>>> print(open('input.pdb').read())   # PDB, N, CA and C atoms
ATOM      1  N   MET A   1     -78.395  31.993  23.640
ATOM      2  CA  MET A   1     -77.739  31.814  22.358
ATOM      3  C   MET A   1     -77.818  30.352  21.913
ATOM      4  N   GLN A   2     -77.269  29.459  22.734
ATOM      5  CA  GLN A   2     -77.204  28.049  22.344
ATOM      6  C   GLN A   2     -78.599  27.432  22.244
ATOM      7  N   GLY A   3     -79.453  27.714  23.217
ATOM      8  CA  GLY A   3     -80.764  27.074  23.265
ATOM      9  C   GLY A   3     -81.817  27.706  22.376
ATOM     10  N   ASN A   4     -81.581  28.922  21.937
ATOM     11  CA  ASN A   4     -82.572  29.599  21.099
ATOM     12  C   ASN A   4     -82.095  29.742  19.656
ATOM     13  N   LEU A   5     -81.057  30.518  19.450
ATOM     14  CA  LEU A   5     -80.603  30.787  18.086
ATOM     15  C   LEU A   5     -79.983  29.576  17.399
ATOM     16  N   LEU A   6     -79.327  28.707  18.166
ATOM     17  CA  LEU A   6     -78.651  27.560  17.571
ATOM     18  C   LEU A   6     -79.374  26.242  17.826
ATOM     19  N   ALA A   7     -80.586  26.278  18.342
ATOM     20  CA  ALA A   7     -81.303  25.059  18.713
ATOM     21  C   ALA A   7     -81.475  24.094  17.539
ATOM     22  N   ASP A   8     -81.687  24.598  16.339
ATOM     23  CA  ASP A   8     -81.869  23.713  15.184
ATOM     24  C   ASP A   8     -80.618  22.885  14.885
ATOM     25  N   PHE A   9     -79.448  23.461  15.148
ATOM     26  CA  PHE A   9     -78.207  22.710  14.933
ATOM     27  C   PHE A   9     -78.104  21.523  15.880
ATOM     28  N   TYR A  10     -78.630  21.678  17.075
ATOM     29  CA  TYR A  10     -78.458  20.672  18.113
ATOM     30  C   TYR A  10     -79.610  19.669  18.177
ATOM     31  N   SER A  11     -80.566  19.780  17.296
ATOM     32  CA  SER A  11     -81.763  18.929  17.373
ATOM     33  C   SER A  11     -81.614  17.595  16.638
ATOM     34  N   HIS A  12     -80.451  17.302  16.105
ATOM     35  CA  HIS A  12     -80.234  16.052  15.380
ATOM     36  C   HIS A  12     -78.799  15.577  15.603
ATOM     37  N   PRO A  13     -78.499  14.336  15.260
ATOM     38  CA  PRO A  13     -77.134  13.826  15.440
ATOM     39  C   PRO A  13     -76.138  14.713  14.704
ATOM     40  N   PRO A  14     -74.954  14.855  15.212
ATOM     41  CA  PRO A  14     -74.272  14.048  16.218
ATOM     42  C   PRO A  14     -74.518  14.492  17.652
ATOM     43  N   PHE A  15     -75.434  15.420  17.878
ATOM     44  CA  PHE A  15     -75.670  15.927  19.219
ATOM     45  C   PHE A  15     -76.678  15.061  19.956
ATOM     46  N   ARG A  16     -76.375  14.779  21.211
ATOM     47  CA  ARG A  16     -77.253  13.960  22.048
ATOM     48  C   ARG A  16     -78.517  14.736  22.393
ATOM     49  N   GLN A  17     -79.605  14.011  22.501
ATOM     50  CA  GLN A  17     -80.885  14.624  22.826
ATOM     51  C   GLN A  17     -81.309  14.345  24.272
ATOM     52  N   ASP A  18     -80.546  13.537  24.971
ATOM     53  CA  ASP A  18     -80.945  13.137  26.320
ATOM     54  C   ASP A  18     -80.086  13.777  27.411
ATOM     55  N   VAL A  19     -79.462  14.911  27.130
ATOM     56  CA  VAL A  19     -78.594  15.568  28.101
ATOM     57  C   VAL A  19     -79.454  16.317  29.116
ATOM     58  N   ASN A  20     -79.124  16.132  30.376
ATOM     59  CA  ASN A  20     -79.816  16.820  31.455
ATOM     60  C   ASN A  20     -79.322  18.269  31.511
ATOM     61  N   ALA A  21     -80.221  19.216  31.490
ATOM     62  CA  ALA A  21     -79.843  20.634  31.502
ATOM     63  C   ALA A  21     -79.074  20.999  32.765
ATOM     64  N   GLY A  22     -79.309  20.283  33.844
ATOM     65  CA  GLY A  22     -78.593  20.553  35.085
ATOM     66  C   GLY A  22     -77.092  20.420  34.932
ATOM     67  N   TRP A  23     -76.650  19.426  34.144
ATOM     68  CA  TRP A  23     -75.220  19.258  33.897
ATOM     69  C   TRP A  23     -74.657  20.415  33.099
ATOM     70  N   MET A  24     -75.429  20.943  32.195
ATOM     71  CA  MET A  24     -74.968  22.091  31.409
ATOM     72  C   MET A  24     -74.846  23.332  32.296
ATOM     73  N   ILE A  25     -75.796  23.531  33.170
ATOM     74  CA  ILE A  25     -75.741  24.672  34.086
ATOM     75  C   ILE A  25     -74.552  24.525  35.029
ATOM     76  N   LEU A  26     -74.361  23.322  35.558
ATOM     77  CA  LEU A  26     -73.217  23.075  36.437
ATOM     78  C   LEU A  26     -71.902  23.334  35.698
ATOM     79  N   SER A  27     -71.824  22.897  34.453
ATOM     80  CA  SER A  27     -70.586  23.115  33.684
ATOM     81  C   SER A  27     -70.330  24.601  33.455
ATOM     82  N   ASP A  28     -71.376  25.412  33.325
ATOM     83  CA  ASP A  28     -71.195  26.861  33.203
ATOM     84  C   ASP A  28     -70.575  27.444  34.467
ATOM     85  N   PHE A  29     -71.042  26.988  35.624
ATOM     86  CA  PHE A  29     -70.467  27.468  36.885
ATOM     87  C   PHE A  29     -69.013  27.022  37.027
ATOM     88  N   VAL A  30     -68.731  25.797  36.655
ATOM     89  CA  VAL A  30     -67.348  25.306  36.720
ATOM     90  C   VAL A  30     -66.470  26.124  35.767
ATOM     91  N   ALA A  31     -66.952  26.382  34.570
ATOM     92  CA  ALA A  31     -66.188  27.180  33.608
ATOM     93  C   ALA A  31     -65.929  28.589  34.144
ATOM     94  N   ALA A  32     -66.918  29.192  34.772
ATOM     95  CA  ALA A  32     -66.740  30.530  35.349
ATOM     96  C   ALA A  32     -65.725  30.502  36.482
ATOM     97  N   PHE A  33     -65.767  29.465  37.313
ATOM     98  CA  PHE A  33     -64.802  29.335  38.395
ATOM     99  C   PHE A  33     -63.384  29.183  37.849
ATOM    100  N   VAL A  34     -63.206  28.323  36.867
ATOM    101  CA  VAL A  34     -61.880  28.113  36.276
ATOM    102  C   VAL A  34     -61.384  29.399  35.614
ATOM    103  N   PHE A  35     -62.276  30.112  34.940
ATOM    104  CA  PHE A  35     -61.891  31.371  34.313
ATOM    105  C   PHE A  35     -61.431  32.378  35.372
ATOM    106  N   ALA A  36     -62.179  32.504  36.469
ATOM    107  CA  ALA A  36     -61.803  33.441  37.531
ATOM    108  C   ALA A  36     -60.456  33.054  38.142
ATOM    109  N   TRP A  37     -60.248  31.774  38.360
ATOM    110  CA  TRP A  37     -58.971  31.295  38.886
ATOM    111  C   TRP A  37     -57.831  31.655  37.931
ATOM    112  N   PHE A  38     -58.025  31.410  36.652
ATOM    113  CA  PHE A  38     -57.001  31.719  35.661
ATOM    114  C   PHE A  38     -56.766  33.226  35.579
ATOM    115  N   TYR A  39     -57.843  34.004  35.630
ATOM    116  CA  TYR A  39     -57.709  35.463  35.585
ATOM    117  C   TYR A  39     -56.836  35.952  36.737
ATOM    118  N   LEU A  40     -57.109  35.464  37.926
ATOM    119  CA  LEU A  40     -56.311  35.889  39.072
ATOM    120  C   LEU A  40     -54.852  35.470  38.944
ATOM    121  N   ALA A  41     -54.598  34.353  38.274
ATOM    122  CA  ALA A  41     -53.224  33.884  38.089
ATOM    123  C   ALA A  41     -52.439  34.753  37.112
ATOM    124  N   VAL A  42     -53.105  35.335  36.121
ATOM    125  CA  VAL A  42     -52.396  36.096  35.085
ATOM    126  C   VAL A  42     -52.754  37.580  35.076
ATOM    127  N   ALA A  43     -53.548  38.038  36.028
ATOM    128  CA  ALA A  43     -54.023  39.423  36.019
ATOM    129  C   ALA A  43     -52.881  40.433  35.999
ATOM    130  N   GLY A  44     -51.745  40.101  36.604
ATOM    131  CA  GLY A  44     -50.615  41.018  36.619
ATOM    132  C   GLY A  44     -50.016  41.278  35.244
ATOM    133  N   SER A  45     -50.345  40.461  34.286
ATOM    134  CA  SER A  45     -49.822  40.631  32.928
ATOM    135  C   SER A  45     -50.655  41.601  32.092
ATOM    136  N   PHE A  46     -51.778  42.042  32.628
ATOM    137  CA  PHE A  46     -52.692  42.897  31.875
ATOM    138  C   PHE A  46     -52.968  44.175  32.654
ATOM    139  N   ALA A  47     -53.432  45.181  31.959
ATOM    140  CA  ALA A  47     -53.788  46.441  32.612
ATOM    141  C   ALA A  47     -54.888  46.189  33.639
ATOM    142  N   PRO A  48     -54.950  46.996  34.663
ATOM    143  CA  PRO A  48     -56.008  46.797  35.660
ATOM    144  C   PRO A  48     -57.381  47.214  35.128
ATOM    145  N   GLY A  49     -58.395  46.709  35.766
ATOM    146  CA  GLY A  49     -59.761  47.121  35.465
ATOM    147  C   GLY A  49     -60.373  46.423  34.261
ATOM    148  N   VAL A  50     -61.436  47.014  33.782
ATOM    149  CA  VAL A  50     -62.222  46.433  32.690
ATOM    150  C   VAL A  50     -61.410  46.268  31.402
ATOM    151  N   PRO A  51     -60.630  47.284  30.969
ATOM    152  CA  PRO A  51     -59.883  47.090  29.708
ATOM    153  C   PRO A  51     -58.901  45.921  29.762
ATOM    154  N   GLY A  52     -58.171  45.806  30.861
ATOM    155  CA  GLY A  52     -57.227  44.701  30.991
ATOM    156  C   GLY A  52     -57.925  43.362  31.066
ATOM    157  N   GLY A  53     -59.049  43.315  31.790
ATOM    158  CA  GLY A  53     -59.821  42.075  31.879
ATOM    159  C   GLY A  53     -60.380  41.656  30.538
ATOM    160  N   ALA A  54     -60.876  42.628  29.774
ATOM    161  CA  ALA A  54     -61.417  42.322  28.444
ATOM    162  C   ALA A  54     -60.316  41.827  27.511
ATOM    163  N   THR A  55     -59.126  42.425  27.607
ATOM    164  CA  THR A  55     -57.997  41.977  26.793
ATOM    165  C   THR A  55     -57.620  40.549  27.155
ATOM    166  N   MET A  56     -57.529  40.281  28.455
ATOM    167  CA  MET A  56     -57.218  38.924  28.906
ATOM    168  C   MET A  56     -58.291  37.954  28.419
ATOM    169  N   GLY A  57     -59.556  38.352  28.484
ATOM    170  CA  GLY A  57     -60.645  37.513  28.010
ATOM    171  C   GLY A  57     -60.543  37.226  26.526
ATOM    172  N   PHE A  58     -60.154  38.224  25.750
ATOM    173  CA  PHE A  58     -59.988  38.016  24.310
ATOM    174  C   PHE A  58     -58.910  36.976  24.031
ATOM    175  N   TYR A  59     -57.759  37.146  24.659
ATOM    176  CA  TYR A  59     -56.664  36.187  24.460
ATOM    177  C   TYR A  59     -57.070  34.786  24.911
ATOM    178  N   THR A  60     -57.741  34.714  26.036
ATOM    179  CA  THR A  60     -58.177  33.408  26.540
ATOM    180  C   THR A  60     -59.184  32.778  25.588
ATOM    181  N   GLY A  61     -60.126  33.578  25.081
ATOM    182  CA  GLY A  61     -61.115  33.063  24.145
ATOM    183  C   GLY A  61     -60.481  32.500  22.889
ATOM    184  N   VAL A  62     -59.537  33.233  22.324
ATOM    185  CA  VAL A  62     -58.859  32.753  21.125
ATOM    186  C   VAL A  62     -58.075  31.483  21.445
ATOM    187  N   LEU A  63     -57.381  31.480  22.583
ATOM    188  CA  LEU A  63     -56.564  30.335  22.967
ATOM    189  C   LEU A  63     -57.402  29.080  23.195
ATOM    190  N   VAL A  64     -58.553  29.223  23.799
ATOM    191  CA  VAL A  64     -59.376  28.068  24.163
ATOM    192  C   VAL A  64     -60.354  27.682  23.059
ATOM    193  N   ILE A  65     -61.106  28.625  22.567
ATOM    194  CA  ILE A  65     -62.230  28.336  21.680
ATOM    195  C   ILE A  65     -61.784  28.021  20.253
ATOM    196  N   PHE A  66     -60.840  28.778  19.725
ATOM    197  CA  PHE A  66     -60.476  28.595  18.323
ATOM    198  C   PHE A  66     -60.041  27.167  18.014
ATOM    199  N   PRO A  67     -59.038  26.628  18.703
ATOM    200  CA  PRO A  67     -58.658  25.255  18.356
ATOM    201  C   PRO A  67     -59.738  24.235  18.701
ATOM    202  N   ALA A  68     -60.439  24.437  19.806
ATOM    203  CA  ALA A  68     -61.457  23.465  20.214
ATOM    204  C   ALA A  68     -62.583  23.378  19.185
ATOM    205  N   ALA A  69     -63.055  24.516  18.714
ATOM    206  CA  ALA A  69     -64.174  24.512  17.763
ATOM    207  C   ALA A  69     -63.767  23.918  16.419
ATOM    208  N   ILE A  70     -62.588  24.261  15.947
ATOM    209  CA  ILE A  70     -62.133  23.708  14.675
ATOM    210  C   ILE A  70     -61.926  22.202  14.798
ATOM    211  N   LEU A  71     -61.353  21.760  15.916
ATOM    212  CA  LEU A  71     -61.147  20.323  16.109
ATOM    213  C   LEU A  71     -62.475  19.573  16.217
ATOM    214  N   MET A  72     -63.486  20.190  16.797
ATOM    215  CA  MET A  72     -64.800  19.533  16.855
ATOM    216  C   MET A  72     -65.297  19.239  15.447
ATOM    217  N   HIS A  73     -65.136  20.196  14.544
ATOM    218  CA  HIS A  73     -65.554  19.989  13.153
ATOM    219  C   HIS A  73     -64.735  18.873  12.505
ATOM    220  N   LEU A  74     -63.430  18.861  12.777
ATOM    221  CA  LEU A  74     -62.562  17.878  12.142
ATOM    222  C   LEU A  74     -62.728  16.475  12.717
ATOM    223  N   MET A  75     -63.081  16.367  13.981
ATOM    224  CA  MET A  75     -63.125  15.064  14.646
ATOM    225  C   MET A  75     -64.482  14.379  14.588
ATOM    226  N   PHE A  76     -65.562  15.142  14.522
ATOM    227  CA  PHE A  76     -66.894  14.553  14.611
ATOM    228  C   PHE A  76     -67.682  14.780  13.332
ATOM    229  N   GLN A  77     -68.164  13.714  12.775
ATOM    230  CA  GLN A  77     -68.950  13.789  11.555
ATOM    231  C   GLN A  77     -70.285  14.463  11.848
ATOM    232  N   GLY A  78     -70.676  15.376  11.002
ATOM    233  CA  GLY A  78     -71.968  16.028  11.130
ATOM    234  C   GLY A  78     -71.918  17.414  11.746
ATOM    235  N   ILE A  79     -70.766  17.860  12.230
ATOM    236  CA  ILE A  79     -70.655  19.216  12.764
ATOM    237  C   ILE A  79     -70.197  20.119  11.624
ATOM    238  N   PRO A  80     -71.051  21.024  11.179
ATOM    239  CA  PRO A  80     -70.692  21.864  10.033
ATOM    240  C   PRO A  80     -69.569  22.855  10.383
ATOM    241  N   TYR A  81     -68.774  23.156   9.401
ATOM    242  CA  TYR A  81     -67.646  24.077   9.567
ATOM    243  C   TYR A  81     -68.124  25.451  10.030
ATOM    244  N   TYR A  82     -69.205  25.944   9.456
ATOM    245  CA  TYR A  82     -69.688  27.271   9.836
ATOM    246  C   TYR A  82     -70.176  27.307  11.274
ATOM    247  N   LEU A  83     -70.648  26.171  11.812
ATOM    248  CA  LEU A  83     -71.031  26.128  13.225
ATOM    249  C   LEU A  83     -69.795  26.309  14.106
ATOM    250  N   SER A  84     -68.669  25.779  13.673
ATOM    251  CA  SER A  84     -67.424  25.991  14.410
ATOM    252  C   SER A  84     -67.092  27.479  14.497
ATOM    253  N   TRP A  85     -67.292  28.192  13.411
ATOM    254  CA  TRP A  85     -67.009  29.633  13.430
ATOM    255  C   TRP A  85     -68.015  30.390  14.279
ATOM    256  N   ILE A  86     -69.257  29.952  14.297
ATOM    257  CA  ILE A  86     -70.232  30.567  15.198
ATOM    258  C   ILE A  86     -69.778  30.372  16.636
ATOM    259  N   TRP A  87     -69.344  29.160  16.983
ATOM    260  CA  TRP A  87     -68.835  28.887  18.326
ATOM    261  C   TRP A  87     -67.632  29.767  18.643
ATOM    262  N   ILE A  88     -66.749  29.951  17.683
ATOM    263  CA  ILE A  88     -65.549  30.756  17.909
ATOM    264  C   ILE A  88     -65.923  32.200  18.237
ATOM    265  N   PHE A  89     -66.740  32.812  17.402
ATOM    266  CA  PHE A  89     -67.119  34.212  17.650
ATOM    267  C   PHE A  89     -67.911  34.352  18.944
ATOM    268  N   TYR A  90     -68.865  33.466  19.168
ATOM    269  CA  TYR A  90     -69.656  33.498  20.392
ATOM    270  C   TYR A  90     -68.765  33.287  21.616
ATOM    271  N   GLY A  91     -67.857  32.328  21.535
ATOM    272  CA  GLY A  91     -66.970  32.035  22.660
ATOM    273  C   GLY A  91     -66.041  33.184  22.989
ATOM    274  N   ILE A  92     -65.484  33.818  21.975
ATOM    275  CA  ILE A  92     -64.594  34.952  22.221
ATOM    276  C   ILE A  92     -65.366  36.088  22.874
ATOM    277  N   VAL A  93     -66.566  36.358  22.407
ATOM    278  CA  VAL A  93     -67.390  37.408  23.028
ATOM    279  C   VAL A  93     -67.683  37.048  24.483
ATOM    280  N   TRP A  94     -67.995  35.779  24.749
ATOM    281  CA  TRP A  94     -68.267  35.333  26.117
ATOM    282  C   TRP A  94     -67.051  35.576  26.997
ATOM    283  N   TYR A  95     -65.858  35.203  26.524
ATOM    284  CA  TYR A  95     -64.644  35.383  27.309
ATOM    285  C   TYR A  95     -64.295  36.854  27.496
ATOM    286  N   VAL A  96     -64.519  37.683  26.498
ATOM    287  CA  VAL A  96     -64.265  39.120  26.656
ATOM    288  C   VAL A  96     -65.185  39.690  27.730
ATOM    289  N   CYS A  97     -66.448  39.312  27.708
ATOM    290  CA  CYS A  97     -67.390  39.782  28.739
ATOM    291  C   CYS A  97     -66.988  39.276  30.120
ATOM    292  N   ALA A  98     -66.630  38.000  30.216
ATOM    293  CA  ALA A  98     -66.203  37.446  31.502
ATOM    294  C   ALA A  98     -64.944  38.148  31.995
ATOM    295  N   GLY A  99     -64.010  38.432  31.105
ATOM    296  CA  GLY A  99     -62.797  39.141  31.494
ATOM    297  C   GLY A  99     -63.081  40.555  31.953
ATOM    298  N   ALA A 100     -63.982  41.231  31.261
ATOM    299  CA  ALA A 100     -64.349  42.591  31.668
ATOM    300  C   ALA A 100     -64.993  42.586  33.055
ATOM    301  N   ILE A 101     -65.835  41.618  33.323
ATOM    302  CA  ILE A 101     -66.467  41.510  34.646
ATOM    303  C   ILE A 101     -65.409  41.209  35.707
ATOM    304  N   ALA A 102     -64.519  40.269  35.412
ATOM    305  CA  ALA A 102     -63.447  39.944  36.360
ATOM    306  C   ALA A 102     -62.555  41.157  36.604
ATOM    307  N   GLY A 103     -62.254  41.907  35.570
ATOM    308  CA  GLY A 103     -61.438  43.116  35.727
ATOM    309  C   GLY A 103     -62.126  44.180  36.556
ATOM    310  N   ALA A 104     -63.441  44.293  36.390
ATOM    311  CA  ALA A 104     -64.202  45.284  37.175
ATOM    312  C   ALA A 104     -64.269  44.887  38.649
ATOM    313  N   ILE A 105     -64.339  43.597  38.916
ATOM    314  CA  ILE A 105     -64.444  43.114  40.301
ATOM    315  C   ILE A 105     -63.096  43.117  41.011
ATOM    316  N   ASN A 106     -62.022  42.820  40.284
ATOM    317  CA  ASN A 106     -60.692  42.682  40.886
ATOM    318  C   ASN A 106     -60.190  44.038  41.356
ATOM    319  N   LYS A 107     -59.958  44.153  42.642
ATOM    320  CA  LYS A 107     -59.430  45.394  43.220
ATOM    321  C   LYS A 107     -57.993  45.135  43.657
ATOM    322  N   ARG A 108     -57.048  45.530  42.827
ATOM    323  CA  ARG A 108     -55.637  45.314  43.192
ATOM    324  C   ARG A 108     -55.179  46.411  44.111
TER
END
>>> encode(input="input.pdb", output="structure tokens")
Amino acid sequence: MQGNLLADFYSHPPFRQDVNAGWMILSDFVAAFVFAWFYLAVAGSFAPGVPGGATMGFYTGVLVIFPAAILMHLMFQGIPYYLSWIWIFYGIVWYVCAGAIAGAINKR
């Protein structure tokens, strides 16, 4: 998604062009670890299995992505408003999928 469909957005300032892809991959693993840790901490608040995990993922996506993406637009010159909304929708879908996977794996 980011490297193919949105590559044109990232090919000019304010985005850096010298970022090592290894750091991005590492950050994905760290994000997945933090998400799994958080899921296990709050899993009792949601239904078991895939539906509960997906619900938790939706709430987490809205909680994390919505303010972060809007603030990126407001704080940094050159980030278009519509890109913030693309990040929001993409991020929520990512969190719903991650929650569904966590719910499927979690055996209470």
>>> resolve_selection(input="input.pdb", expression="the PyMOL selection byres (((chain A and resi 34-41 and name CA) around 12) and name CA)", output="JSON, numbers by chain")
{"A": [27, 28, 29, 30, 31, 32, 33, 42, 43, 44, 45, 46, 48, 49, 52, 53, 54, 55, 56, 57, 58, 59, 60, 61, 64, 94, 95, 96, 97, 98, 99, 100, 101, 102, 103, 104, 105, 106, 107, 108]}
>>> write_last_selection(input="input.pdb", atoms="N, CA and C atoms", output="CSV table (one decimal), keeping the file's coordinate frame")
chain,number,residue,atom,x,y,z
A,27,SER,N,-71.8,22.9,34.5
A,27,SER,CA,-70.6,23.1,33.7
A,27,SER,C,-70.3,24.6,33.5
A,28,ASP,N,-71.4,25.4,33.3
A,28,ASP,CA,-71.2,26.9,33.2
A,28,ASP,C,-70.6,27.4,34.5
A,29,PHE,N,-71.0,27.0,35.6
A,29,PHE,CA,-70.5,27.5,36.9
A,29,PHE,C,-69.0,27.0,37.0
A,30,VAL,N,-68.7,25.8,36.7
A,30,VAL,CA,-67.3,25.3,36.7
A,30,VAL,C,-66.5,26.1,35.8
A,31,ALA,N,-67.0,26.4,34.6
A,31,ALA,CA,-66.2,27.2,33.6
A,31,ALA,C,-65.9,28.6,34.1
A,32,ALA,N,-66.9,29.2,34.8
A,32,ALA,CA,-66.7,30.5,35.3
A,32,ALA,C,-65.7,30.5,36.5
A,33,PHE,N,-65.8,29.5,37.3
A,33,PHE,CA,-64.8,29.3,38.4
A,33,PHE,C,-63.4,29.2,37.8
A,42,VAL,N,-53.1,35.3,36.1
A,42,VAL,CA,-52.4,36.1,35.1
A,42,VAL,C,-52.8,37.6,35.1
A,43,ALA,N,-53.5,38.0,36.0
A,43,ALA,CA,-54.0,39.4,36.0
A,43,ALA,C,-52.9,40.4,36.0
A,44,GLY,N,-51.7,40.1,36.6
A,44,GLY,CA,-50.6,41.0,36.6
A,44,GLY,C,-50.0,41.3,35.2
A,45,SER,N,-50.3,40.5,34.3
A,45,SER,CA,-49.8,40.6,32.9
A,45,SER,C,-50.7,41.6,32.1
A,46,PHE,N,-51.8,42.0,32.6
A,46,PHE,CA,-52.7,42.9,31.9
A,46,PHE,C,-53.0,44.2,32.7
A,48,PRO,N,-55.0,47.0,34.7
A,48,PRO,CA,-56.0,46.8,35.7
A,48,PRO,C,-57.4,47.2,35.1
A,49,GLY,N,-58.4,46.7,35.8
A,49,GLY,CA,-59.8,47.1,35.5
A,49,GLY,C,-60.4,46.4,34.3
A,52,GLY,N,-58.2,45.8,30.9
A,52,GLY,CA,-57.2,44.7,31.0
A,52,GLY,C,-57.9,43.4,31.1
A,53,GLY,N,-59.0,43.3,31.8
A,53,GLY,CA,-59.8,42.1,31.9
A,53,GLY,C,-60.4,41.7,30.5
A,54,ALA,N,-60.9,42.6,29.8
A,54,ALA,CA,-61.4,42.3,28.4
A,54,ALA,C,-60.3,41.8,27.5
A,55,THR,N,-59.1,42.4,27.6
A,55,THR,CA,-58.0,42.0,26.8
A,55,THR,C,-57.6,40.5,27.2
A,56,MET,N,-57.5,40.3,28.5
A,56,MET,CA,-57.2,38.9,28.9
A,56,MET,C,-58.3,38.0,28.4
A,57,GLY,N,-59.6,38.4,28.5
A,57,GLY,CA,-60.6,37.5,28.0
A,57,GLY,C,-60.5,37.2,26.5
A,58,PHE,N,-60.2,38.2,25.8
A,58,PHE,CA,-60.0,38.0,24.3
A,58,PHE,C,-58.9,37.0,24.0
A,59,TYR,N,-57.8,37.1,24.7
A,59,TYR,CA,-56.7,36.2,24.5
A,59,TYR,C,-57.1,34.8,24.9
A,60,THR,N,-57.7,34.7,26.0
A,60,THR,CA,-58.2,33.4,26.5
A,60,THR,C,-59.2,32.8,25.6
A,61,GLY,N,-60.1,33.6,25.1
A,61,GLY,CA,-61.1,33.1,24.1
A,61,GLY,C,-60.5,32.5,22.9
A,64,VAL,N,-58.6,29.2,23.8
A,64,VAL,CA,-59.4,28.1,24.2
A,64,VAL,C,-60.4,27.7,23.1
A,94,TRP,N,-68.0,35.8,24.7
A,94,TRP,CA,-68.3,35.3,26.1
A,94,TRP,C,-67.1,35.6,27.0
A,95,TYR,N,-65.9,35.2,26.5
A,95,TYR,CA,-64.6,35.4,27.3
A,95,TYR,C,-64.3,36.9,27.5
A,96,VAL,N,-64.5,37.7,26.5
A,96,VAL,CA,-64.3,39.1,26.7
A,96,VAL,C,-65.2,39.7,27.7
A,97,CYS,N,-66.4,39.3,27.7
A,97,CYS,CA,-67.4,39.8,28.7
A,97,CYS,C,-67.0,39.3,30.1
A,98,ALA,N,-66.6,38.0,30.2
A,98,ALA,CA,-66.2,37.4,31.5
A,98,ALA,C,-64.9,38.1,32.0
A,99,GLY,N,-64.0,38.4,31.1
A,99,GLY,CA,-62.8,39.1,31.5
A,99,GLY,C,-63.1,40.6,32.0
A,100,ALA,N,-64.0,41.2,31.3
A,100,ALA,CA,-64.3,42.6,31.7
A,100,ALA,C,-65.0,42.6,33.1
A,101,ILE,N,-65.8,41.6,33.3
A,101,ILE,CA,-66.5,41.5,34.6
A,101,ILE,C,-65.4,41.2,35.7
A,102,ALA,N,-64.5,40.3,35.4
A,102,ALA,CA,-63.4,39.9,36.4
A,102,ALA,C,-62.6,41.2,36.6
A,103,GLY,N,-62.3,41.9,35.6
A,103,GLY,CA,-61.4,43.1,35.7
A,103,GLY,C,-62.1,44.2,36.6
A,104,ALA,N,-63.4,44.3,36.4
A,104,ALA,CA,-64.2,45.3,37.2
A,104,ALA,C,-64.3,44.9,38.6
A,105,ILE,N,-64.3,43.6,38.9
A,105,ILE,CA,-64.4,43.1,40.3
A,105,ILE,C,-63.1,43.1,41.0
A,106,ASN,N,-62.0,42.8,40.3
A,106,ASN,CA,-60.7,42.7,40.9
A,106,ASN,C,-60.2,44.0,41.4
A,107,LYS,N,-60.0,44.2,42.6
A,107,LYS,CA,-59.4,45.4,43.2
A,107,LYS,C,-58.0,45.1,43.7
A,108,ARG,N,-57.0,45.5,42.8
A,108,ARG,CA,-55.6,45.3,43.2
A,108,ARG,C,-55.2,46.4,44.1
>>> atom_distance(input="input.pdb", atom1="CA of Trp87 in chain A", atom2="CA of Ile65 in chain A")
7.4 Å
>>> atom_distance(input="input.pdb", atom1="atom C of Gly78 in chain A", atom2="atom N of Phe15 in chain A")
7.3 Å
>>> closest_residue(input="input.pdb", among="A:Leu74, A:Tyr81, A:Ile92, A:Pro14", to="Val62 in chain A", atoms="all atoms listed in the file")
A:Ile92
>>> atom_distance(input="input.pdb", atom1="atom C of Phe9 in chain A", atom2="atom C of Leu63 in chain A")
23.2 Å
>>> resolve_selection(input="input.pdb", expression="the PyMOL selection byres ((chain A and resi 70) around 8)", output="ChimeraX atom specification")
/A:65-69,71-76,81,83-85,87-88
>>> closest_residue(input="input.pdb", among="A:Trp23, A:Asp18, A:Leu5, A:Pro13", to="Pro80 in chain A", atoms="only C-alpha atoms")
A:Pro13
>>> decode(input="input.pdb", residues="range 92-101 of chain A", atoms="N, CA and C atoms", output="PDB file, in the first residue's frame")
ATOM      1  N   ILE A  92      -7.087   1.942  10.017  1.00  0.00           N
ATOM      2  CA  ILE A  92      -8.181   1.239  10.686  1.00  0.00           C
ATOM      3  C   ILE A  92      -8.329  -0.160  10.110  1.00  0.00           C
ATOM      4  N   VAL A  93      -8.238  -0.296   8.804  1.00  0.00           N
ATOM      5  CA  VAL A  93      -8.317  -1.630   8.185  1.00  0.00           C
ATOM      6  C   VAL A  93      -7.168  -2.504   8.682  1.00  0.00           C
ATOM      7  N   TRP A  94      -5.965  -1.937   8.778  1.00  0.00           N
ATOM      8  CA  TRP A  94      -4.806  -2.688   9.268  1.00  0.00           C
ATOM      9  C   TRP A  94      -5.064  -3.179  10.684  1.00  0.00           C
ATOM     10  N   TYR A  95      -5.566  -2.306  11.562  1.00  0.00           N
ATOM     11  CA  TYR A  95      -5.827  -2.690  12.944  1.00  0.00           C
ATOM     12  C   TYR A  95      -6.958  -3.703  13.054  1.00  0.00           C
ATOM     13  N   VAL A  96      -7.983  -3.589  12.236  1.00  0.00           N
ATOM     14  CA  VAL A  96      -9.064  -4.583  12.257  1.00  0.00           C
ATOM     15  C   VAL A  96      -8.514  -5.949  11.858  1.00  0.00           C
ATOM     16  N   CYS A  97      -7.690  -5.992  10.829  1.00  0.00           N
ATOM     17  CA  CYS A  97      -7.080  -7.267  10.410  1.00  0.00           C
ATOM     18  C   CYS A  97      -6.170  -7.823  11.500  1.00  0.00           C
ATOM     19  N   ALA A  98      -5.347  -6.967  12.096  1.00  0.00           N
ATOM     20  CA  ALA A  98      -4.462  -7.417  13.171  1.00  0.00           C
ATOM     21  C   ALA A  98      -5.275  -7.924  14.355  1.00  0.00           C
ATOM     22  N   GLY A  99      -6.359  -7.247  14.691  1.00  0.00           N
ATOM     23  CA  GLY A  99      -7.212  -7.695  15.786  1.00  0.00           C
ATOM     24  C   GLY A  99      -7.880  -9.020  15.488  1.00  0.00           C
ATOM     25  N   ALA A 100      -8.335  -9.188  14.258  1.00  0.00           N
ATOM     26  CA  ALA A 100      -8.954 -10.462  13.874  1.00  0.00           C
ATOM     27  C   ALA A 100      -7.944 -11.606  13.969  1.00  0.00           C
ATOM     28  N   ILE A 101      -6.724 -11.367  13.551  1.00  0.00           N
ATOM     29  CA  ILE A 101      -5.677 -12.394  13.646  1.00  0.00           C
ATOM     30  C   ILE A 101      -5.374 -12.696  15.113  1.00  0.00           C
TER      31      ILE A 101
END
